[in-house]
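> Have a look at the structure that comes next, please.
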There are 2 protein chains.
Amino acid sequence: MRDVAIIGVSQTKFGELWDASFRSLIADAGLSAIEDSNIAGDDLDAMYVGNMSSGLFVNQEHIASLIADHMGLNPIPCTRVEAACASGSLALRQGILAVASGYHDVVVSAGVEKMTDVVDATPAIATASDIEWEAQQGATFPSLYAMIAKRHMHEYGTTREQLAEFAVVAHHNASHNPRAQFPFEITVDKALNATMVADPLTLFDCSPVSDGAAAIVLCAAEDAHKYTDTPIYVKASQQASGTIALHDRKDVTTLDATKYASQKAYKQAGLSVKDIDLAEVHDCFSINGILAIEDLGFCEKGQGGVVVADGQTRTDGDFPINPSGGLKARGHPLGATGIAQAAEVVWQLRGDAGKRQVEGAEVGLTQNVGGTGGTCAVHIFGREPNNN
Amino acid sequence: MRDVAIIGVSQTKFGELWDASFRSLIADAGLSAIEDSNIAGDDLDAMYVGNMSSGLFVNQEHIASLIADHMGLNPIPCTRVEAACASGSLALRQGILAVASGYHDVVVSAGVEKMTDVVDATPAIATASDIEWEAQQGATFPSLYAMIAKRHMHEYGTTREQLAEFAVVAHHNASHNPRAQFPFEITVDKALNATMVADPLTLFDCSPVSDGAAAIVLCAAEDAHKYTDTPIYVKASQQASGTIALHDRKDVTTLDATKYASQKAYKQAGLSVKDIDLAEVHDCFSINGILAIEDLGFCEKGQGGVVVADGQTRTDGDFPINPSGGLKARGHPLGATGIAQAAEVVWQLRGDAGKRQVEGAEVGLTQNVGGTGGTCAVHIFGREPNNN
């Protein structure tokens, strides 16, 4: 198995991008990543695209063909990968497997979602749950995560103030991220007094509906220095499945898929959670950010809210979480999120993250969830090549 | 790069399967392939699923999680791949890359589509074209392929009778296939006098709307004999992109993606078209079967209709095409088709194809098209392991 390196990254501005189309968003991100990587156009030999629901959002399937065509990439293979909100990370993982296998040498893995062309994004998002047993019975994603939050509060004493603190840190970080949808600070009071979406989650506990795209260029690690002085190495790429429906779990306050994928990732990388200098985690709702901190092993089960309120997840804390602003404040164009997470880790490890830089970051992790945990992908990236 | 072998295959009956749900179809196919492969349940370590549009057909995305869950496979990774009607072959290809890379040892690649739960499948199928420049202007898939057929008739003198002969051979082969949607013979007269769908294509030039699923179990070639006495080896797995819209092509009578992918596949396998004993090609419309015969190199450009009418594509002809009955008569549940093509080649190479057996078949090829040729995947399989 060949080692794989990242040699280029990009992310469009995330937001309600009325003047950008589906195809222009992904072309912008893809071409910017190619430019960042210093490859020549004919070096590229495959592309993967993560996207959750172009069919329901913009009435277009077969998007990999559309994208290859619009970007001028024909005849190279272009493949769409879908796993709800984890689609981006799975496109990244397929790109990694393609290079590791030797089938391809230079690959773009990208993600895109254009969510604002429908009147209401909620029904499309609900197709990430078990439609027959959840959505058709009236469950929306805010309500599913609200049930998780209620149970976490009951089991562990987590408070609404702690949830609000998660959003406050996210917005603070996003205020230093020029690509973020919401680059402004908020206060705990503002979060607590905002519109209730699904008790106990207010508006500021919820990630937004977003348009956007992101892209990454991968190559064989041994070739990386041909293109860049600062390659970032893939140290682990793991993925796991959990029950798609919430009611099938023994414990809704733990995402088994996160635990399984992260434990395999630590093992693949030969690292422990203590070696992780920063993590981009899947805070589609503030409670899911807290579950991630716990399930990845940064703190004991049930202590996620406490450590957030204690400041440990800030960029200058013990284990910085979501320096980009996360899904909450950077924005959450579903298929793009996993790639944007990885792009942020790359900027952090290159030392290019400006005022949101985690000082001295050597190793970073991404955790990207589909649905309420039916899918989870965990990647670990590092500044140093692997010892094989 | 590790060589890859196929150790198990399955296909559900294709048809209008009112008593089968999306999740039951894919579980039936997946579990049957696992049984066919003799692996133990815990040998399996990843699954890929090809599906075009579960979002538009059954209002469910995140299907890989649903499937892993329903099949009892959690926590192994399960990933959906989409490329319109080529989704199945791309799921197969991702499974091959996963094993070749060493990331996974035993993988199921499957495909599924449940198309009959909507009142009209046409709008969902149209999302495989360029929605903004084709479908929204009124083009449906029959009309797009009808334009290709008209041009082929104009350029090369192809006749409606030759198109009808393609369907006659397909139905003859399907009459020996217990899994086929239409296991009955037709005549040239019946095809010519059938309802006109899009001039010059009548009902019998068009593949049907189908429900169904198929699955394949892959492992490292070096391990194949642990599970089966008749492994079939993957000799090539290639994929290419072409323009998604028909009007962007210099010549609509050639699918550049087929030519590109097949030439790369012959090179990877170290074989020429003369070494191919049978092919399963993408005859979503009879004209596309004829394009495939030409673009794969079985005959000169423009002679596809002639060689079909001449009987050369029958199971006892010079280059047997679609012994299964093809998309036309086996049926075409979009995401399942690429996997069903490969399953048929495996049965043929094992010598298990009954009355539709191509005698002495050693090497078989599949060609699977997305849209009107925006994507094409070509695989070559053989009874003998590769010489590395």
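Residues in the structure tokens are named by chain (A, B, ... in the order shown) and by number from 1 within that chain; ligands are numbered from 1 in the order shown.
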Please provide as a short mmCIF file (atom, residue, chain, number, x, y, z; two decimals) with C-alpha atoms, in the first residue's frame all residues within 12 Å of A:Ile67, with the sequence filter that same-chain residues fewer than 2 positions apart are discarded (counting only C-alpha atoms).


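The resulting file, selection-v2.cif, is shown below:
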data_model
loop_
_atom_site.label_atom_id
_atom_site.label_comp_id
_atom_site.auth_asym_id
_atom_site.auth_seq_id
_atom_site.Cartn_x
_atom_site.Cartn_y
_atom_site.Cartn_z
CA SER A 21 -24.58 27.56 -9.49
CA PHE A 22 -23.91 23.96 -8.49
CA ARG A 23 -21.47 23.50 -11.36
CA SER A 24 -19.68 26.82 -10.84
CA LEU A 25 -19.15 26.14 -7.12
CA ILE A 26 -17.44 22.81 -7.63
CA ALA A 27 -15.40 24.06 -10.58
CA ASP A 28 -14.19 27.02 -8.50
CA ALA A 29 -13.10 24.77 -5.65
CA GLY A 30 -11.57 22.10 -7.88
CA LEU A 31 -9.58 24.47 -10.05
CA ALA A 46 -9.01 10.87 -11.42
CA MET A 47 -11.55 12.86 -9.39
CA TYR A 48 -13.99 11.95 -6.62
CA VAL A 49 -16.87 14.16 -5.57
CA GLY A 50 -18.81 13.92 -2.32
CA ASN A 51 -22.39 15.13 -2.55
CA GLN A 60 -29.40 16.66 -11.16
CA GLU A 61 -27.84 13.21 -10.72
CA HIS A 62 -24.78 11.96 -12.67
CA ILE A 63 -22.93 14.96 -11.25
CA ALA A 64 -19.47 13.46 -11.54
CA SER A 65 -19.87 13.48 -15.32
CA ASP A 69 -17.14 17.99 -18.27
CA HIS A 70 -17.59 21.50 -16.84
CA MET A 71 -14.03 21.49 -15.43
CA GLY A 72 -12.55 20.32 -18.73
CA LEU A 73 -11.28 17.06 -17.24
CA ASN A 74 -12.65 14.53 -19.77
CA PRO A 75 -11.74 11.71 -20.26
CA ILE A 76 -10.40 11.06 -16.74
CA PRO A 77 -12.62 9.04 -14.37
CA CYS A 78 -14.84 11.09 -12.10
CA THR A 79 -16.94 9.38 -9.42
CA ARG A 80 -19.61 10.60 -7.02
CA VAL A 108 -8.72 15.42 -6.71
CA ALA A 110 -13.87 17.30 -3.66
CA GLY A 111 -17.26 17.97 -2.12
CA VAL A 112 -20.15 20.23 -3.02
CA ALA B 83 -22.83 7.58 -11.87
CA ASP B 130 -27.48 17.77 -18.34
CA SER B 241 -15.75 10.46 -18.73
CA GLY B 242 -17.32 12.01 -21.82
CA THR B 243 -19.44 15.11 -22.30
CA ILE B 244 -22.67 14.82 -20.32
CA ALA B 245 -24.65 16.67 -23.02
CA GLY B 374 -20.92 10.93 -19.80
CA THR B 375 -19.51 7.95 -17.92
#

> Quick one: residues within 8 Å of B:Ala329, only C-alpha atoms, excluding same-chain residues fewer than 3 positions away - as a list in words?

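Residues meeting the cut-off are Ala167, Ala170, His171, Ala174, Ala180, Gln181, Phe182, Pro183, Ser207, Pro208, Gly325 and Gly326 of chain B.
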
> Store the residues of this selection in a file with C-alpha atoms, as a JSON list (two decimals), in the first residue's frame.


[["chain", "number", "residue", "atom", "x", "y", "z"],
["B", 167, "ALA", "CA", -33.84, -6.86, -29.60],
["B", 170, "ALA", "CA", -31.65, -10.11, -26.59],
["B", 171, "HIS", "CA", -35.06, -11.66, -26.00],
["B", 174, "ALA", "CA", -33.29, -13.82, -21.96],
["B", 180, "ALA", "CA", -34.68, -11.91, -16.65],
["B", 181, "GLN", "CA", -37.59, -9.48, -16.62],
["B", 182, "PHE", "CA", -38.74, -10.55, -20.11],
["B", 183, "PRO", "CA", -37.84, -14.23, -20.60],
["B", 207, "SER", "CA", -34.98, -1.18, -21.96],
["B", 208, "PRO", "CA", -37.72, -1.29, -19.31],
["B", 325, "GLY", "CA", -30.55, -10.77, -22.44],
["B", 326, "GLY", "CA", -28.94, -7.42, -21.69]]

> From a backbone DSSP assignment, name each residue in stretch 317-368 of chain B labelled alpha helix (DSSP H), as a list of chain:residue names.

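Reading the DSSP output for stretch 317-368 of chain B, alpha helix (DSSP H) covers B:Gly326, B:Leu327, B:Lys328, B:Ala329, B:Arg330, B:Thr337, B:Gly338, B:Ile339, B:Ala340, B:Gln341, B:Ala342, B:Ala343, B:Glu344, B:Val345, B:Val346, B:Trp347, B:Gln348, B:Leu349, B:Arg350.
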
> Have a look at atom CA of B:Val273 and atom CA of B:Phe298 and let me know their distance in Å, one decimal.

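Taking atom CA of B:Val273 and atom CA of B:Phe298, their separation equals 6.5 Å.
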
> Give me the residues within 10 Å of stretch 37-41 of chain A as a ChimeraX atom specification, counting only C-alpha atoms and dropping any in the same chain fewer than 3 places off.

/A:6-10,31-34,44-45,72-73,106,216-219,224,226-228,231

> Pull N, CA, C and O atoms from the residues just selected and write them as a PDB file, in the first residue's frame.


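File written: result.pdb
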ATOM      1  N   ILE A   6      -1.226  15.077   0.782  1.00  0.00           N
ATOM      2  CA  ILE A   6      -2.064  16.167   0.269  1.00  0.00           C
ATOM      3  C   ILE A   6      -1.149  17.287  -0.206  1.00  0.00           C
ATOM      4  O   ILE A   6      -0.297  17.761   0.552  1.00  0.00           O
ATOM      5  N   ILE A   7      -1.338  17.706  -1.455  1.00  0.00           N
ATOM      6  CA  ILE A   7      -0.464  18.744  -2.018  1.00  0.00           C
ATOM      7  C   ILE A   7      -1.225  20.011  -2.403  1.00  0.00           C
ATOM      8  O   ILE A   7      -0.605  21.001  -2.792  1.00  0.00           O
ATOM      9  N   GLY A   8      -2.544  19.998  -2.295  1.00  0.00           N
ATOM     10  CA  GLY A   8      -3.303  21.206  -2.614  1.00  0.00           C
ATOM     11  C   GLY A   8      -4.663  21.166  -1.961  1.00  0.00           C
ATOM     12  O   GLY A   8      -5.253  20.093  -1.827  1.00  0.00           O
ATOM     13  N   VAL A   9      -5.145  22.318  -1.509  1.00  0.00           N
ATOM     14  CA  VAL A   9      -6.478  22.396  -0.894  1.00  0.00           C
ATOM     15  C   VAL A   9      -7.153  23.699  -1.299  1.00  0.00           C
ATOM     16  O   VAL A   9      -6.494  24.680  -1.653  1.00  0.00           O
ATOM     17  N   SER A  10      -8.472  23.708  -1.210  1.00  0.00           N
ATOM     18  CA  SER A  10      -9.228  24.946  -1.422  1.00  0.00           C
ATOM     19  C   SER A  10     -10.610  24.813  -0.822  1.00  0.00           C
ATOM     20  O   SER A  10     -11.104  23.703  -0.610  1.00  0.00           O
ATOM     21  N   LEU A  31     -10.665  23.808  -9.327  1.00  0.00           N
ATOM     22  CA  LEU A  31      -9.581  24.470 -10.051  1.00  0.00           C
ATOM     23  C   LEU A  31      -8.655  25.218  -9.091  1.00  0.00           C
ATOM     24  O   LEU A  31      -7.443  25.269  -9.312  1.00  0.00           O
ATOM     25  N   SER A  32      -9.208  25.771  -8.002  1.00  0.00           N
ATOM     26  CA  SER A  32      -8.354  26.450  -7.015  1.00  0.00           C
ATOM     27  C   SER A  32      -7.428  25.461  -6.314  1.00  0.00           C
ATOM     28  O   SER A  32      -6.261  25.779  -6.037  1.00  0.00           O
ATOM     29  N   ALA A  33      -7.931  24.271  -6.018  1.00  0.00           N
ATOM     30  CA  ALA A  33      -7.075  23.262  -5.372  1.00  0.00           C
ATOM     31  C   ALA A  33      -5.977  22.801  -6.322  1.00  0.00           C
ATOM     32  O   ALA A  33      -4.831  22.593  -5.914  1.00  0.00           O
ATOM     33  N   ILE A  34      -6.322  22.640  -7.595  1.00  0.00           N
ATOM     34  CA  ILE A  34      -5.325  22.252  -8.593  1.00  0.00           C
ATOM     35  C   ILE A  34      -4.238  23.329  -8.686  1.00  0.00           C
ATOM     36  O   ILE A  34      -3.039  23.021  -8.708  1.00  0.00           O
ATOM     37  N   LEU A  44      -3.266  15.186 -13.585  1.00  0.00           N
ATOM     38  CA  LEU A  44      -4.437  14.697 -12.850  1.00  0.00           C
ATOM     39  C   LEU A  44      -5.001  13.469 -13.533  1.00  0.00           C
ATOM     40  O   LEU A  44      -5.225  13.485 -14.743  1.00  0.00           O
ATOM     41  N   ASP A  45      -5.244  12.383 -12.757  1.00  0.00           N
ATOM     42  CA  ASP A  45      -5.823  11.241 -13.458  1.00  0.00           C
ATOM     43  C   ASP A  45      -7.081  10.648 -12.849  1.00  0.00           C
ATOM     44  O   ASP A  45      -7.560   9.621 -13.342  1.00  0.00           O
ATOM     45  N   GLY A  72     -13.468  20.624 -17.643  1.00  0.00           N
ATOM     46  CA  GLY A  72     -12.546  20.321 -18.733  1.00  0.00           C
ATOM     47  C   GLY A  72     -11.649  19.138 -18.451  1.00  0.00           C
ATOM     48  O   GLY A  72     -10.518  19.066 -18.943  1.00  0.00           O
ATOM     49  N   LEU A  73     -12.121  18.181 -17.653  1.00  0.00           N
ATOM     50  CA  LEU A  73     -11.278  17.055 -17.236  1.00  0.00           C
ATOM     51  C   LEU A  73     -11.450  15.801 -18.083  1.00  0.00           C
ATOM     52  O   LEU A  73     -10.697  14.840 -17.913  1.00  0.00           O
ATOM     53  N   VAL A 106      -2.355  10.937  -9.218  1.00  0.00           N
ATOM     54  CA  VAL A 106      -2.750  12.266  -8.741  1.00  0.00           C
ATOM     55  C   VAL A 106      -4.275  12.361  -8.850  1.00  0.00           C
ATOM     56  O   VAL A 106      -4.841  12.172  -9.929  1.00  0.00           O
ATOM     57  N   ILE A 216      -9.438  18.925  -2.566  1.00  0.00           N
ATOM     58  CA  ILE A 216      -8.114  18.520  -2.091  1.00  0.00           C
ATOM     59  C   ILE A 216      -7.409  17.763  -3.212  1.00  0.00           C
ATOM     60  O   ILE A 216      -8.043  16.957  -3.896  1.00  0.00           O
ATOM     61  N   VAL A 217      -6.118  17.997  -3.389  1.00  0.00           N
ATOM     62  CA  VAL A 217      -5.343  17.236  -4.369  1.00  0.00           C
ATOM     63  C   VAL A 217      -4.426  16.264  -3.621  1.00  0.00           C
ATOM     64  O   VAL A 217      -3.695  16.661  -2.717  1.00  0.00           O
ATOM     65  N   LEU A 218      -4.516  14.997  -4.017  1.00  0.00           N
ATOM     66  CA  LEU A 218      -3.741  13.921  -3.398  1.00  0.00           C
ATOM     67  C   LEU A 218      -2.728  13.357  -4.375  1.00  0.00           C
ATOM     68  O   LEU A 218      -3.003  13.309  -5.585  1.00  0.00           O
ATOM     69  N   CYS A 219      -1.592  12.911  -3.861  1.00  0.00           N
ATOM     70  CA  CYS A 219      -0.663  12.158  -4.715  1.00  0.00           C
ATOM     71  C   CYS A 219       0.085  11.145  -3.847  1.00  0.00           C
ATOM     72  O   CYS A 219      -0.050  11.145  -2.621  1.00  0.00           O
ATOM     73  N   ALA A 224       5.375  13.715  -3.482  1.00  0.00           N
ATOM     74  CA  ALA A 224       4.789  14.975  -3.017  1.00  0.00           C
ATOM     75  C   ALA A 224       5.742  16.154  -3.147  1.00  0.00           C
ATOM     76  O   ALA A 224       5.338  17.271  -3.500  1.00  0.00           O
ATOM     77  N   LYS A 226       7.788  16.803  -5.344  1.00  0.00           N
ATOM     78  CA  LYS A 226       7.868  17.331  -6.717  1.00  0.00           C
ATOM     79  C   LYS A 226       6.962  18.553  -6.887  1.00  0.00           C
ATOM     80  O   LYS A 226       7.183  19.381  -7.760  1.00  0.00           O
ATOM     81  N   TYR A 227       5.911  18.607  -6.053  1.00  0.00           N
ATOM     82  CA  TYR A 227       4.885  19.646  -6.244  1.00  0.00           C
ATOM     83  C   TYR A 227       4.885  20.724  -5.173  1.00  0.00           C
ATOM     84  O   TYR A 227       4.440  21.837  -5.414  1.00  0.00           O
ATOM     85  N   THR A 228       5.320  20.387  -3.960  1.00  0.00           N
ATOM     86  CA  THR A 228       5.187  21.347  -2.858  1.00  0.00           C
ATOM     87  C   THR A 228       6.276  21.130  -1.818  1.00  0.00           C
ATOM     88  O   THR A 228       6.771  20.007  -1.641  1.00  0.00           O
ATOM     89  N   PRO A 231       4.104  19.268   1.895  1.00  0.00           N
ATOM     90  CA  PRO A 231       3.064  18.243   1.803  1.00  0.00           C
ATOM     91  C   PRO A 231       2.559  17.900   3.203  1.00  0.00           C
ATOM     92  O   PRO A 231       3.304  17.997   4.181  1.00  0.00           O
TER      93      PRO A 231
END

> Tell me, in Å to one decimal, how far atom CA of A:Val345 is from atom CA of A:Pro320.

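Separation between atom CA of A:Val345 and atom CA of A:Pro320: 11.4 Å.
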
> Compile the contact shell of B:Thr12 as a VMD selection string: residues with an atom at most 7 Å away, counting only C-alpha atoms, same-chain residues fewer than 6 positions apart removed.

chain B and resid 29 179 212 to 214

> Selection from above, N, CA, C and O atoms, as a PDB file, in the first residue's frame, can you write it?


ATOM      1  N   ALA B  29     -29.905  -9.676  -2.491  1.00  0.00           N
ATOM      2  CA  ALA B  29     -28.768  -9.852  -3.396  1.00  0.00           C
ATOM      3  C   ALA B  29     -27.474  -9.983  -2.614  1.00  0.00           C
ATOM      4  O   ALA B  29     -26.645 -10.873  -2.882  1.00  0.00           O
ATOM      5  N   ARG B 179     -33.551 -15.169 -14.320  1.00  0.00           N
ATOM      6  CA  ARG B 179     -33.600 -13.904 -13.579  1.00  0.00           C
ATOM      7  C   ARG B 179     -34.048 -12.729 -14.455  1.00  0.00           C
ATOM      8  O   ARG B 179     -34.104 -11.595 -13.992  1.00  0.00           O
ATOM      9  N   GLY B 212     -34.649  -4.196  -8.948  1.00  0.00           N
ATOM     10  CA  GLY B 212     -33.746  -5.335  -8.832  1.00  0.00           C
ATOM     11  C   GLY B 212     -32.433  -4.971  -8.176  1.00  0.00           C
ATOM     12  O   GLY B 212     -32.129  -3.791  -7.959  1.00  0.00           O
ATOM     13  N   ALA B 213     -31.684  -5.997  -7.839  1.00  0.00           N
ATOM     14  CA  ALA B 213     -30.381  -5.815  -7.200  1.00  0.00           C
ATOM     15  C   ALA B 213     -29.463  -6.961  -7.599  1.00  0.00           C
ATOM     16  O   ALA B 213     -29.930  -8.024  -8.025  1.00  0.00           O
ATOM     17  N   ALA B 214     -28.172  -6.718  -7.476  1.00  0.00           N
ATOM     18  CA  ALA B 214     -27.171  -7.735  -7.775  1.00  0.00           C
ATOM     19  C   ALA B 214     -25.957  -7.466  -6.885  1.00  0.00           C
ATOM     20  O   ALA B 214     -25.781  -6.342  -6.399  1.00  0.00           O
TER      21      ALA B 214
END

> Could you check the closest approach to chain B for each of A:Ala236, A:Val118, A:Ala257, A:Cys206 and tell me which residue wins, using only C-alpha atoms?

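Closest candidate: A:Ala257.
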
> Quick one: residues within 10 Å of B:Glu222, only C-alpha atoms, excluding same-chain residues fewer than 4 positions away - as a ChimeraX atom specification?

/B:2-5,226,385

> Emit the selected residues as an mmCIF file, in the first residue's frame, including C-alpha atoms.


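Final file, result_27.cif:
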data_model
loop_
_atom_site.group_PDB
_atom_site.id
_atom_site.type_symbol
_atom_site.label_atom_id
_atom_site.label_comp_id
_atom_site.auth_asym_id
_atom_site.auth_seq_id
_atom_site.Cartn_x
_atom_site.Cartn_y
_atom_site.Cartn_z
ATOM 1 C CA ARG B 2 -2.787 -6.616 -5.429
ATOM 2 C CA ASP B 3 -4.695 -8.664 -7.973
ATOM 3 C CA VAL B 4 -8.377 -9.123 -7.240
ATOM 4 C CA ALA B 5 -10.703 -12.089 -7.735
ATOM 5 C CA LYS B 226 -9.512 -20.431 0.258
ATOM 6 C CA PRO B 385 -4.936 -15.433 -12.877
#

> Might you pull out every residue within 10 Å of A:Ile290, with only C-alpha atoms counted and same-chain residues fewer than 2 positions away left off, and present them as a PyMOL selection string?

chain A and resi 149+152+158+162-163+166+253+281-283+285-288+292-295+299+301-308

> Nearest residue to A:Tyr145 out of A:Gly335, A:Gly371, A:Gly360, A:Gly297, using only C-alpha atoms?

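Selected residue with least distance to A:Tyr145: A:Gly371.
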
> Could you pull out the residues in stretch 128-268 of chain A that DSSP calls strand (DSSP E or B) from the backbone, as an mmCIF file with N, CA and C atoms, in the first residue's frame?


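What ended up in result.cif:
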data_model
loop_
_atom_site.group_PDB
_atom_site.id
_atom_site.type_symbol
_atom_site.label_atom_id
_atom_site.label_comp_id
_atom_site.auth_asym_id
_atom_site.auth_seq_id
_atom_site.Cartn_x
_atom_site.Cartn_y
_atom_site.Cartn_z
ATOM 1 N N MET A 196 -36.174 29.052 19.703
ATOM 2 C CA MET A 196 -36.083 27.613 19.963
ATOM 3 C C MET A 196 -36.388 26.865 18.664
ATOM 4 N N VAL A 197 -35.482 25.935 18.281
ATOM 5 C CA VAL A 197 -35.708 25.131 17.069
ATOM 6 C C VAL A 197 -36.333 23.795 17.456
ATOM 7 N N ALA A 198 -35.679 23.082 18.372
ATOM 8 C CA ALA A 198 -36.220 21.822 18.887
ATOM 9 C C ALA A 198 -35.642 21.691 20.288
ATOM 10 N N LEU A 201 -32.552 22.715 21.746
ATOM 11 C CA LEU A 201 -31.646 23.343 20.776
ATOM 12 C C LEU A 201 -32.247 24.640 20.233
ATOM 13 N N THR A 202 -31.525 25.748 20.447
ATOM 14 C CA THR A 202 -31.954 27.019 19.853
ATOM 15 C C THR A 202 -31.246 27.198 18.510
ATOM 16 N N CYS A 206 -27.637 25.060 16.054
ATOM 17 C CA CYS A 206 -27.873 24.373 14.775
ATOM 18 C C CYS A 206 -26.971 24.931 13.680
ATOM 19 N N ASP A 211 -24.545 26.841 0.850
ATOM 20 C CA ASP A 211 -23.972 26.462 -0.441
ATOM 21 C C ASP A 211 -22.454 26.504 -0.301
ATOM 22 N N GLY A 212 -21.776 25.633 -1.031
ATOM 23 C CA GLY A 212 -20.321 25.715 -0.995
ATOM 24 C C GLY A 212 -19.663 24.465 -1.525
ATOM 25 N N ALA A 213 -18.361 24.572 -1.727
ATOM 26 C CA ALA A 213 -17.578 23.450 -2.234
ATOM 27 C C ALA A 213 -16.161 23.550 -1.693
ATOM 28 N N ALA A 214 -15.479 22.431 -1.685
ATOM 29 C CA ALA A 214 -14.093 22.370 -1.230
ATOM 30 C C ALA A 214 -13.399 21.256 -1.998
ATOM 31 N N ALA A 215 -12.087 21.321 -2.093
ATOM 32 C CA ALA A 215 -11.360 20.310 -2.872
ATOM 33 C C ALA A 215 -9.955 20.117 -2.320
ATOM 34 N N ILE A 216 -9.438 18.925 -2.566
ATOM 35 C CA ILE A 216 -8.114 18.520 -2.091
ATOM 36 C C ILE A 216 -7.409 17.763 -3.212
ATOM 37 N N VAL A 217 -6.118 17.997 -3.389
ATOM 38 C CA VAL A 217 -5.343 17.236 -4.369
ATOM 39 C C VAL A 217 -4.426 16.264 -3.621
ATOM 40 N N LEU A 218 -4.516 14.997 -4.017
ATOM 41 C CA LEU A 218 -3.741 13.921 -3.398
ATOM 42 C C LEU A 218 -2.728 13.357 -4.375
ATOM 43 N N CYS A 219 -1.592 12.911 -3.861
ATOM 44 C CA CYS A 219 -0.663 12.158 -4.715
ATOM 45 C C CYS A 219 0.085 11.145 -3.847
ATOM 46 N N ALA A 220 0.848 10.296 -4.480
ATOM 47 C CA ALA A 220 1.676 9.351 -3.736
ATOM 48 C C ALA A 220 2.683 10.133 -2.900
ATOM 49 N N ILE A 232 1.310 17.505 3.256
ATOM 50 C CA ILE A 232 0.729 17.007 4.510
ATOM 51 C C ILE A 232 0.371 15.543 4.258
ATOM 52 N N TYR A 233 0.746 14.686 5.191
ATOM 53 C CA TYR A 233 0.629 13.246 4.957
ATOM 54 C C TYR A 233 -0.647 12.665 5.577
ATOM 55 N N VAL A 234 -1.248 11.731 4.837
ATOM 56 C CA VAL A 234 -2.409 11.001 5.361
ATOM 57 C C VAL A 234 -1.885 9.902 6.275
ATOM 58 N N LYS A 235 -2.193 10.000 7.556
ATOM 59 C CA LYS A 235 -1.694 9.008 8.515
ATOM 60 C C LYS A 235 -2.742 7.944 8.810
ATOM 61 N N ALA A 236 -4.011 8.263 8.580
ATOM 62 C CA ALA A 236 -5.074 7.259 8.763
ATOM 63 C C ALA A 236 -6.313 7.703 8.010
ATOM 64 N N SER A 237 -7.015 6.716 7.458
ATOM 65 C CA SER A 237 -8.295 6.961 6.791
ATOM 66 C C SER A 237 -9.213 5.803 7.158
ATOM 67 N N GLN A 238 -10.165 6.053 8.019
ATOM 68 C CA GLN A 238 -11.045 4.987 8.490
ATOM 69 C C GLN A 238 -12.508 5.424 8.443
ATOM 70 N N GLN A 239 -13.378 4.442 8.355
ATOM 71 C CA GLN A 239 -14.804 4.694 8.187
ATOM 72 C C GLN A 239 -15.562 3.573 8.884
ATOM 73 N N ALA A 240 -16.695 3.894 9.461
ATOM 74 C CA ALA A 240 -17.517 2.862 10.108
ATOM 75 C C ALA A 240 -18.993 3.180 9.932
ATOM 76 N N SER A 241 -19.814 2.140 10.098
ATOM 77 C CA SER A 241 -21.264 2.273 10.002
ATOM 78 C C SER A 241 -21.899 2.034 11.367
#

> Pick from B:Asn322, B:Thr258, B:Asn173, B:Asn193: nearest to chain A, with only C-alpha atoms counted?

B:Thr258

> Hey, can you check how far atom CA of A:Tyr266 sits from atom CA of A:Phe381?

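Rounded to one decimal, the two atoms are 11.1 Å apart.
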
> Any idea what's packed within 8 Å of B:Glu16, counting only C-alpha atoms, ignoring anything in its chain fewer than 4 positions away? Could you give it as a PyMOL selection string?

chain B and resi 116+209-211

> Given the choices A:Ser89, A:Glu280, A:Asp199, A:His225, which gets closest to A:Ser143 if the distance is worked out from only C-alpha atoms?

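Checking each candidate against A:Ser143, we get A:Asp199 as the closest.
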